[in-house]
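To be precise, the following lines are coords-v3.txt, and they hold compact mmCIF, C-alpha atoms and all ligand atoms.
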# COMPACT_ATOMS: atom_id res chain seq x y z
CA MET A 149 -38.48 -11.77 22.10
CA VAL A 150 -41.80 -11.32 20.33
CA ASN A 151 -44.62 -9.87 22.37
CA THR A 152 -47.62 -12.19 22.01
CA SER A 153 -50.13 -10.63 24.43
CA PRO A 154 -53.59 -10.26 22.83
CA GLU A 155 -53.61 -6.57 23.62
CA TRP A 156 -50.42 -6.01 21.70
CA GLN A 157 -51.62 -8.16 18.81
CA THR A 158 -54.77 -6.08 18.27
CA ARG A 159 -52.66 -2.95 18.39
CA TYR A 160 -50.27 -4.49 15.88
CA LYS A 161 -53.18 -5.34 13.56
CA THR A 162 -54.63 -1.81 13.64
CA LEU A 163 -51.22 -0.31 12.97
CA GLU A 164 -50.63 -2.76 10.13
CA ALA A 165 -54.02 -1.83 8.58
CA LYS A 166 -53.22 1.86 8.99
CA LYS A 167 -49.85 1.34 7.35
CA GLN A 168 -51.40 -0.45 4.38
CA GLN A 169 -53.92 2.36 3.99
CA ILE A 170 -51.17 5.00 4.05
CA ILE A 171 -49.09 3.13 1.51
CA THR A 172 -51.97 2.55 -0.92
CA SER A 173 -53.35 6.08 -0.67
CA GLN A 174 -49.85 7.68 -0.46
CA LEU A 175 -51.37 10.15 2.01
CA LYS A 176 -50.60 10.71 5.65
CA LEU A 177 -52.08 12.95 8.34
CA CYS A 178 -49.58 15.29 9.99
CA LYS A 179 -49.91 15.23 13.78
CA LYS A 180 -48.88 18.85 14.13
CA CYS A 181 -50.84 20.76 11.51
CA ASN A 182 -53.55 18.11 11.07
CA ILE A 183 -53.42 18.30 7.29
CA GLU A 184 -53.39 15.22 5.09
CA LYS A 185 -50.37 15.46 2.81
CA SER A 186 -48.74 13.20 0.23
CA LEU A 187 -45.92 10.97 1.50
CA GLU A 188 -43.12 13.00 -0.09
CA ASN A 189 -43.90 15.71 2.48
CA PHE A 190 -42.76 13.40 5.29
CA GLY A 191 -39.22 12.54 6.24
CA VAL A 192 -38.10 8.94 6.78
CA ASN A 193 -38.29 7.71 10.35
CA THR A 194 -37.73 3.99 10.84
CA SER A 195 -38.95 4.02 14.43
CA VAL A 196 -42.49 4.90 13.32
CA TYR A 197 -44.74 1.97 12.32
CA ASP A 198 -45.09 3.08 8.69
CA GLY A 199 -41.53 4.31 8.26
CA PHE A 200 -42.48 7.97 7.89
CA SER A 201 -42.21 10.77 10.41
CA ASN A 202 -45.42 11.74 12.23
CA LYS A 203 -44.92 15.42 11.51
CA CYS A 204 -44.61 16.82 8.01
CA LYS A 205 -41.34 18.37 6.83
CA GLN A 206 -42.85 21.84 6.94
CA CYS A 207 -43.91 21.46 10.58
CA ILE A 208 -40.55 20.00 11.61
CA ASN A 209 -38.82 22.89 9.90
CA ASP A 210 -41.12 25.38 11.65
CA LEU A 211 -40.41 23.79 15.03
CA ARG A 212 -36.70 23.85 14.33
CA MET A 213 -36.84 27.54 13.40
CA GLN A 214 -38.94 28.30 16.46
CA TYR A 215 -36.36 26.60 18.64
CA TYR A 216 -33.54 28.41 16.88
CA TRP A 217 -35.08 31.86 17.34
CA ALA A 218 -35.87 31.13 20.99
CA ASN A 219 -32.28 30.01 21.65
CA LYS A 220 -30.48 32.01 19.01
CA GLU A 221 -27.48 33.17 21.05
CA LYS A 222 -26.92 29.75 22.59
CA GLU A 223 -27.18 27.95 19.25
CA ASN A 224 -24.88 30.38 17.49
CA GLU A 225 -22.31 30.03 20.25
CA LYS A 226 -22.60 26.24 20.03
CA SER A 227 -21.98 26.19 16.29
CA ARG A 228 -19.13 28.70 16.64
CA ILE A 229 -17.42 26.41 19.12
CA TYR A 230 -18.07 23.35 16.97
CA TRP A 231 -16.62 24.80 13.79
CA LYS A 232 -13.64 26.23 15.62
CA SER A 233 -12.74 22.91 17.19
CA HIS A 234 -13.29 20.94 13.95
CA PRO A 235 -11.18 22.70 11.31
CA GLU A 236 -10.97 19.53 9.24
CA ARG A 237 -14.79 19.28 9.04
CA ARG A 238 -14.76 22.80 7.73
CA VAL A 239 -12.48 21.88 4.84
CA ILE A 240 -14.57 18.83 3.99
CA GLN A 241 -17.76 20.89 4.08
CA LYS A 242 -16.23 23.42 1.73
CA LEU A 243 -15.06 20.74 -0.71
CA LYS A 244 -18.46 19.07 -0.67
CA ARG A 245 -20.11 22.36 -1.42
CA ASN A 246 -17.84 23.03 -4.37
CA ILE A 247 -18.50 19.58 -5.87
CA ASP A 248 -22.26 19.53 -5.38
CA GLU A 249 -23.60 21.60 -8.27
CA GLU A 250 -27.22 20.89 -7.46
CA ARG A 251 -26.71 22.19 -3.96
CA GLN A 252 -25.01 25.30 -5.29
CA GLU A 253 -27.96 25.87 -7.60
CA ARG A 254 -30.34 25.42 -4.67
CA GLU A 255 -28.39 27.75 -2.42
CA ARG A 256 -28.16 30.34 -5.16
CA ASN A 257 -31.89 30.27 -5.73
CA ALA A 258 -32.54 30.46 -2.00
CA ALA A 259 -30.22 33.46 -1.68
CA VAL A 260 -31.93 35.23 -4.59
CA ASN A 261 -35.36 34.55 -3.09
CA ARG A 262 -34.19 35.74 0.31
CA TYR A 263 -32.80 38.90 -1.24
CA TRP A 264 -36.05 39.79 -3.00
CA LYS A 265 -38.20 38.85 -0.04
CA ASN A 266 -36.32 41.13 2.36
CA ARG A 267 -35.04 43.64 -0.17
CA ASP A 268 -36.50 46.82 1.38
CA LEU A 269 -35.57 45.80 4.90
CA ARG A 270 -32.10 44.97 3.78
CA LEU A 271 -31.58 48.17 1.84
CA ALA A 272 -32.75 50.17 4.85
CA TYR A 273 -30.36 48.20 7.05
CA THR A 274 -27.47 48.83 4.65
CA ARG A 275 -28.24 52.56 4.54
CA GLU A 276 -28.32 52.67 8.32
CA TYR A 277 -25.09 50.66 8.59
CA ARG A 278 -23.33 52.94 6.12
CA LYS A 279 -24.41 55.98 8.10
CA LYS A 280 -23.30 54.51 11.40
CA ASN A 281 -19.96 53.07 10.25
CA PRO A 282 -18.41 55.45 7.74
CA ASP A 283 -14.92 54.33 8.76
CA LYS A 284 -15.69 50.67 8.03
CA ILE A 285 -17.16 51.55 4.65
CA LEU A 286 -14.11 53.62 3.82
CA ALA A 287 -11.79 50.76 4.78
CA HIS A 288 -13.82 48.32 2.70
CA THR A 289 -13.75 50.53 -0.38
CA ARG A 290 -10.06 51.16 0.09
CA ASN A 291 -9.32 47.44 0.44
CA ARG A 292 -11.31 46.61 -2.64
CA ARG A 293 -9.52 49.28 -4.64
CA ALA A 294 -6.17 48.02 -3.34
CA ARG A 295 -7.08 44.47 -4.34
CA LEU A 296 -8.09 45.66 -7.78
CA GLU A 297 -4.84 47.58 -8.10
CA ASN A 298 -2.69 44.75 -6.77
CA ALA A 299 -4.37 42.11 -8.85
CA GLU A 300 -2.55 41.25 -11.99
CA GLY A 301 -3.97 42.65 -15.21
CA ASN A 302 -6.85 44.85 -16.17
CA PHE A 303 -9.42 45.03 -18.92
CA THR A 304 -10.64 47.88 -21.04
CA SER A 305 -14.23 48.96 -21.47
CA LYS A 306 -13.99 47.85 -25.09
CA GLU A 307 -12.97 44.32 -24.04
CA TRP A 308 -15.89 44.28 -21.63
CA SER A 309 -18.38 45.33 -24.29
CA ILE A 310 -17.02 42.70 -26.69
CA LEU A 311 -17.33 40.05 -23.98
CA CYS A 312 -20.93 41.06 -23.31
CA LYS A 313 -21.69 41.01 -27.02
CA ILE A 314 -20.30 37.47 -27.38
CA PHE A 315 -22.67 36.22 -24.74
CA GLY A 316 -25.65 38.06 -26.16
CA ASN A 317 -25.56 40.96 -23.68
CA CYS A 318 -27.17 38.90 -20.99
CA CYS A 319 -26.40 37.33 -17.64
CA LEU A 320 -24.73 33.94 -18.13
CA CYS A 321 -26.56 32.52 -15.11
CA CYS A 322 -30.20 33.56 -15.55
CA GLY A 323 -30.29 35.24 -18.96
CA SER A 324 -31.43 38.61 -17.69
CA SER A 325 -30.14 41.60 -19.66
CA GLU A 326 -30.53 44.11 -16.85
CA ASN A 327 -27.70 45.69 -14.89
CA LEU A 328 -24.77 43.51 -15.98
CA HIS A 329 -21.81 43.29 -13.59
CA ALA A 330 -18.28 42.19 -14.40
CA ASP A 331 -17.93 39.13 -12.19
CA HIS A 332 -14.47 37.77 -11.37
CA ILE A 333 -14.72 34.02 -11.96
CA ILE A 334 -11.86 33.37 -9.54
CA PRO A 335 -12.43 36.11 -6.95
CA LEU A 336 -9.65 38.62 -6.32
CA THR A 337 -9.67 37.54 -2.68
CA LYS A 338 -8.77 34.03 -3.84
CA GLY A 339 -5.91 35.13 -6.04
CA GLY A 340 -7.84 35.68 -9.25
CA ASN A 341 -6.56 38.21 -11.76
CA ASN A 342 -8.25 41.15 -13.37
CA PHE A 343 -7.77 40.09 -17.01
CA ILE A 344 -10.81 39.80 -19.24
CA SER A 345 -10.23 36.02 -19.28
CA ASN A 346 -11.30 35.97 -15.62
CA ILE A 347 -14.42 38.04 -16.22
CA GLN A 348 -17.96 36.95 -16.96
CA PRO A 349 -21.10 39.07 -17.30
CA LEU A 350 -23.60 38.39 -14.53
CA CYS A 351 -26.64 40.39 -13.58
CA CYS A 352 -26.74 42.18 -10.23
CA ARG A 353 -28.92 39.49 -8.62
CA CYS A 354 -26.78 36.54 -9.72
CA ASN A 355 -23.59 38.36 -8.81
CA ILE A 356 -24.86 39.01 -5.29
CA SER A 357 -26.12 35.49 -4.75
CA LYS A 358 -22.88 33.96 -6.03
CA GLY A 359 -20.74 36.02 -3.65
CA ASN A 360 -17.13 35.05 -3.04
CA ARG A 361 -17.91 31.59 -1.71
CA ILE A 362 -18.10 29.61 -4.90
CA ILE A 363 -16.25 29.55 -8.16
CA VAL A 364 -18.53 28.89 -11.12
CA ASP A 365 -17.42 29.41 -14.68
CA TYR A 366 -20.73 30.06 -16.39
CA ARG A 367 -18.98 30.52 -19.72
CA LEU A 368 -18.46 26.77 -19.86
CA LYS A 369 -22.20 26.25 -19.55
CA SER A 370 -23.07 28.79 -22.22
CA LYS A 371 -24.05 27.33 -25.58
CA LEU A 372 -22.35 30.21 -27.35
CA ILE A 373 -18.92 29.10 -26.20
CA THR A 374 -18.92 26.29 -28.78
CA SER A 375 -19.09 28.69 -31.72
CA ASN A 376 -15.94 30.38 -33.00
CA LEU A 377 -15.09 33.21 -30.69
CA PRO A 378 -13.65 36.41 -32.12
CA ILE A 379 -11.41 36.89 -29.10
CA LYS A 380 -9.48 34.40 -27.04
CA ILE A 381 -11.25 33.96 -23.75
CA TYR A 382 -9.13 31.32 -22.11
CA VAL A 383 -5.59 31.82 -20.96
ZN ZN B 1 -47.64 19.44 9.37
ZN ZN B 2 -28.59 36.65 -13.61

When written as structure tokens, how does the structure in this file appear?
Ligand SMILES: [Zn+2]
Ligand SMILES: [Zn+2]
Amino acid sequence: MVNTSPEWQTRYKTLEAKKQQIITSQLKLCKKCNIEKSLENFGVNTSVYDGFSNKCKQCINDLRMQYYWANKEKENEKSRIYWKSHPERRVIQKLKRNIDEERQERERNAAVNRYWKNRDLRLAYTREYRKKNPDKILAHTRNRRARLENAEGNFTSKEWSILCKIFGNCCLCCGSSENLHADHIIPLTKGGNNFISNIQPLCCRCNISKGNRIIVDYRLKSKLITSNLPIKIYV
């Protein structure tokens, strides 16, 4: 039923005028921070008269983070329970992540930014952790060595230097030439081997941000791969 009371009609008219103004100017005032921002800074909300949320994305994010930090333990416990009771959602989430390259790129960049923003704090934390848990560190190193030893194959330093040379002695992800690491394309933890065909040069930053979560073959993206390679890279 349509509300036809005069009071409501005047209200409707003012809102309609406001909506038109917002759409033509492409600007909206955020109710939280009181700053006029362009419409792309607002999420979609169909229950608001103009179709855009009353608070800007930044403010909503801030509120969300505030809530999270105030209820950290509770929220973490909630998500732990959720993911434990929905194993199938977990698999789907993982698959989605592996397909969505844009998201991977975004997450990678975010991880790199996070790393550099909190680098000193993090290094201090790591130092402290290493000091406090020597047994854990020992176990970790031992496990990694065992994985390396158990993994099929190995590569020589000569093969590594040839590989780096082929790709211009730079990181295949960002192009940096500093501190190149031998990255296992399919991680050893996921059954990858230790042959040179499973190795790509990545800089320290890209190697850290990639982690063991995702499998990206940056060699395929490199322009150099199209030229004739002196050694066989694929098995
Ligand atoms: Zn705002
Ligand atoms: Zn890099």

What are the centre and edge lengths in Å, to one decimal, of the axis-aligned box around all listed atoms of region 255-270 of chain A with 6 Å added on each side, as lines of an AutoDock Vina configuration file?
center_x = -33.2
center_y = 37.3
center_z = -0.4
size_x = 22.0
size_y = 31.1
size_z = 22.6

For this session: Could I get the residue neighbourhood of ligand ZN 1 (chain B) at 10 Å, counting all atoms listed in the file, as a list in words?
Result: Lys176, Leu177, Cys178, Lys179, Lys180, Cys181, Asn182, Ile183, Glu184, Lys185, Asn189, Phe190, Asn202, Lys203, Cys204, Lys205, Gln206, Cys207, Ile208, Asn209 and Asp210 of chain A

Using all atoms listed in the file, find each residue of chain A with at least one atom at most 8 Å away from an atom of ligand ZN 2 (chain B); report its shortest atom-to-atom pair and that distance in Å (one decimal), sort the rows by chain and rising residue number, and return the result as CSV.
residue,atom,partner,partner_atom,distance
A:Cys318,CA,B:ZN2,ZN,7.8
A:Cys319,CA,B:ZN2,ZN,4.6
A:Leu320,CA,B:ZN2,ZN,6.5
A:Cys321,CA,B:ZN2,ZN,4.8
A:Cys322,CA,B:ZN2,ZN,4.0
A:Gly323,CA,B:ZN2,ZN,5.8
A:Ser324,CA,B:ZN2,ZN,5.3
A:Ser325,CA,B:ZN2,ZN,8.0
A:Leu350,CA,B:ZN2,ZN,5.4
A:Cys351,CA,B:ZN2,ZN,4.2
A:Cys352,CA,B:ZN2,ZN,6.7
A:Arg353,CA,B:ZN2,ZN,5.8
A:Cys354,CA,B:ZN2,ZN,4.3
A:Asn355,CA,B:ZN2,ZN,7.1

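Nearest to Lys338 (chain A) of all the residues A:Ala272, A:Ile363, A:Val196, A:Leu311 is A:Ile363, based on all atoms listed in the file.
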
Problem set entry | Selected residue of minimal separation from Thr304 (chain A) among A:Asn261, A:Asn327, A:Asn342, A:Thr337, counting all atoms listed in the file | A:Asn342

For this session: For region 331-336 of chain A, list every protein, DNA or RNA residue within 12 Å, evaluated using all atoms listed in the file, and leave out those in the same chain fewer than 5 positions away; present the list as a VMD selection string.
Result: chain A and resid 291 to 303 308 311 to 312 319 to 321 341 to 368 382

Problem set entry | Neighbour list for Ala165 (chain A) as a PyMOL selection string, cut-off 12 Å, only C-alpha atoms, skip fewer than 6 positions in-chain | chain A and resi 158-159+171-172+197-198

Problem set entry | CA of Arg212 (chain A) to CA of Glu188 (chain A), straight-line distance in Å | 19.2 Å

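In this structure, CA of Tyr273 (chain A) sits 23.9 Å away from CA of Glu223 (chain A).
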
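Applying the 7 Å criterion to (-40.1, 4.6, 2.9) in file coordinates and using only C-alpha atoms, one obtains the residues Val192, Gly199 and Phe200 of chain A.
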
Missing atoms in region 269-297 of chain A need filling: write out N, CA and C atoms for it as a PDB file, in the frame of the given file.
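Now in out.pdb:
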ATOM      1  N   LEU A 269     -36.146  45.853   3.548  1.00  0.00           N
ATOM      2  CA  LEU A 269     -35.570  45.800   4.900  1.00  0.00           C
ATOM      3  C   LEU A 269     -34.055  45.875   4.846  1.00  0.00           C
ATOM      4  N   ARG A 270     -33.528  45.090   3.902  1.00  0.00           N
ATOM      5  CA  ARG A 270     -32.100  44.970   3.780  1.00  0.00           C
ATOM      6  C   ARG A 270     -31.465  46.274   3.326  1.00  0.00           C
ATOM      7  N   LEU A 271     -32.110  46.902   2.340  1.00  0.00           N
ATOM      8  CA  LEU A 271     -31.580  48.170   1.840  1.00  0.00           C
ATOM      9  C   LEU A 271     -31.585  49.216   2.956  1.00  0.00           C
ATOM     10  N   ALA A 272     -32.658  49.219   3.739  1.00  0.00           N
ATOM     11  CA  ALA A 272     -32.750  50.170   4.850  1.00  0.00           C
ATOM     12  C   ALA A 272     -31.634  49.895   5.852  1.00  0.00           C
ATOM     13  N   TYR A 273     -31.419  48.595   6.113  1.00  0.00           N
ATOM     14  CA  TYR A 273     -30.360  48.200   7.050  1.00  0.00           C
ATOM     15  C   TYR A 273     -29.002  48.669   6.543  1.00  0.00           C
ATOM     16  N   THR A 274     -28.758  48.439   5.238  1.00  0.00           N
ATOM     17  CA  THR A 274     -27.470  48.830   4.650  1.00  0.00           C
ATOM     18  C   THR A 274     -27.265  50.336   4.765  1.00  0.00           C
ATOM     19  N   ARG A 275     -28.327  51.092   4.441  1.00  0.00           N
ATOM     20  CA  ARG A 275     -28.240  52.560   4.540  1.00  0.00           C
ATOM     21  C   ARG A 275     -27.860  52.971   5.954  1.00  0.00           C
ATOM     22  N   GLU A 276     -28.553  52.355   6.909  1.00  0.00           N
ATOM     23  CA  GLU A 276     -28.320  52.670   8.320  1.00  0.00           C
ATOM     24  C   GLU A 276     -26.880  52.326   8.712  1.00  0.00           C
ATOM     25  N   TYR A 277     -26.439  51.135   8.271  1.00  0.00           N
ATOM     26  CA  TYR A 277     -25.090  50.660   8.590  1.00  0.00           C
ATOM     27  C   TYR A 277     -24.037  51.607   8.026  1.00  0.00           C
ATOM     28  N   ARG A 278     -24.277  52.025   6.768  1.00  0.00           N
ATOM     29  CA  ARG A 278     -23.330  52.940   6.120  1.00  0.00           C
ATOM     30  C   ARG A 278     -23.235  54.251   6.889  1.00  0.00           C
ATOM     31  N   LYS A 279     -24.375  54.720   7.368  1.00  0.00           N
ATOM     32  CA  LYS A 279     -24.410  55.980   8.100  1.00  0.00           C
ATOM     33  C   LYS A 279     -23.661  55.856   9.420  1.00  0.00           C
ATOM     34  N   LYS A 280     -23.871  54.693  10.079  1.00  0.00           N
ATOM     35  CA  LYS A 280     -23.300  54.510  11.400  1.00  0.00           C
ATOM     36  C   LYS A 280     -21.817  54.193  11.373  1.00  0.00           C
ATOM     37  N   ASN A 281     -21.359  53.521  10.299  1.00  0.00           N
ATOM     38  CA  ASN A 281     -19.960  53.070  10.250  1.00  0.00           C
ATOM     39  C   ASN A 281     -19.221  53.607   9.035  1.00  0.00           C
ATOM     40  N   PRO A 282     -19.079  54.905   8.926  1.00  0.00           N
ATOM     41  CA  PRO A 282     -18.410  55.450   7.740  1.00  0.00           C
ATOM     42  C   PRO A 282     -16.964  54.970   7.631  1.00  0.00           C
ATOM     43  N   ASP A 283     -16.317  54.757   8.802  1.00  0.00           N
ATOM     44  CA  ASP A 283     -14.920  54.330   8.760  1.00  0.00           C
ATOM     45  C   ASP A 283     -14.782  52.926   8.183  1.00  0.00           C
ATOM     46  N   LYS A 284     -15.741  52.050   8.542  1.00  0.00           N
ATOM     47  CA  LYS A 284     -15.690  50.670   8.030  1.00  0.00           C
ATOM     48  C   LYS A 284     -15.919  50.659   6.520  1.00  0.00           C
ATOM     49  N   ILE A 285     -16.860  51.485   6.073  1.00  0.00           N
ATOM     50  CA  ILE A 285     -17.160  51.550   4.650  1.00  0.00           C
ATOM     51  C   ILE A 285     -15.937  52.042   3.882  1.00  0.00           C
ATOM     52  N   LEU A 286     -15.296  53.058   4.456  1.00  0.00           N
ATOM     53  CA  LEU A 286     -14.110  53.620   3.820  1.00  0.00           C
ATOM     54  C   LEU A 286     -13.029  52.550   3.684  1.00  0.00           C
ATOM     55  N   ALA A 287     -12.810  51.811   4.780  1.00  0.00           N
ATOM     56  CA  ALA A 287     -11.790  50.760   4.780  1.00  0.00           C
ATOM     57  C   ALA A 287     -12.121  49.709   3.727  1.00  0.00           C
ATOM     58  N   HIS A 288     -13.389  49.350   3.652  1.00  0.00           N
ATOM     59  CA  HIS A 288     -13.820  48.320   2.700  1.00  0.00           C
ATOM     60  C   HIS A 288     -13.538  48.768   1.273  1.00  0.00           C
ATOM     61  N   THR A 289     -13.949  50.010   0.968  1.00  0.00           N
ATOM     62  CA  THR A 289     -13.750  50.530  -0.380  1.00  0.00           C
ATOM     63  C   THR A 289     -12.257  50.585  -0.708  1.00  0.00           C
ATOM     64  N   ARG A 290     -11.501  51.035   0.290  1.00  0.00           N
ATOM     65  CA  ARG A 290     -10.060  51.160   0.090  1.00  0.00           C
ATOM     66  C   ARG A 290      -9.435  49.791  -0.178  1.00  0.00           C
ATOM     67  N   ASN A 291      -9.849  48.799   0.619  1.00  0.00           N
ATOM     68  CA  ASN A 291      -9.320  47.440   0.440  1.00  0.00           C
ATOM     69  C   ASN A 291      -9.651  46.904  -0.935  1.00  0.00           C
ATOM     70  N   ARG A 292     -10.896  47.140  -1.347  1.00  0.00           N
ATOM     71  CA  ARG A 292     -11.310  46.610  -2.640  1.00  0.00           C
ATOM     72  C   ARG A 292     -10.494  47.249  -3.755  1.00  0.00           C
ATOM     73  N   ARG A 293     -10.311  48.580  -3.618  1.00  0.00           N
ATOM     74  CA  ARG A 293      -9.520  49.280  -4.640  1.00  0.00           C
ATOM     75  C   ARG A 293      -8.094  48.741  -4.644  1.00  0.00           C
ATOM     76  N   ALA A 294      -7.553  48.525  -3.442  1.00  0.00           N
ATOM     77  CA  ALA A 294      -6.170  48.020  -3.340  1.00  0.00           C
ATOM     78  C   ALA A 294      -6.066  46.642  -3.994  1.00  0.00           C
ATOM     79  N   ARG A 295      -7.079  45.810  -3.740  1.00  0.00           N
ATOM     80  CA  ARG A 295      -7.080  44.470  -4.340  1.00  0.00           C
ATOM     81  C   ARG A 295      -7.102  44.559  -5.850  1.00  0.00           C
ATOM     82  N   LEU A 296      -7.975  45.478  -6.337  1.00  0.00           N
ATOM     83  CA  LEU A 296      -8.090  45.660  -7.780  1.00  0.00           C
ATOM     84  C   LEU A 296      -6.754  46.133  -8.354  1.00  0.00           C
ATOM     85  N   GLU A 297      -6.098  47.041  -7.602  1.00  0.00           N
ATOM     86  CA  GLU A 297      -4.840  47.580  -8.100  1.00  0.00           C
ATOM     87  C   GLU A 297      -3.710  46.558  -8.008  1.00  0.00           C
TER      88      GLU A 297
END
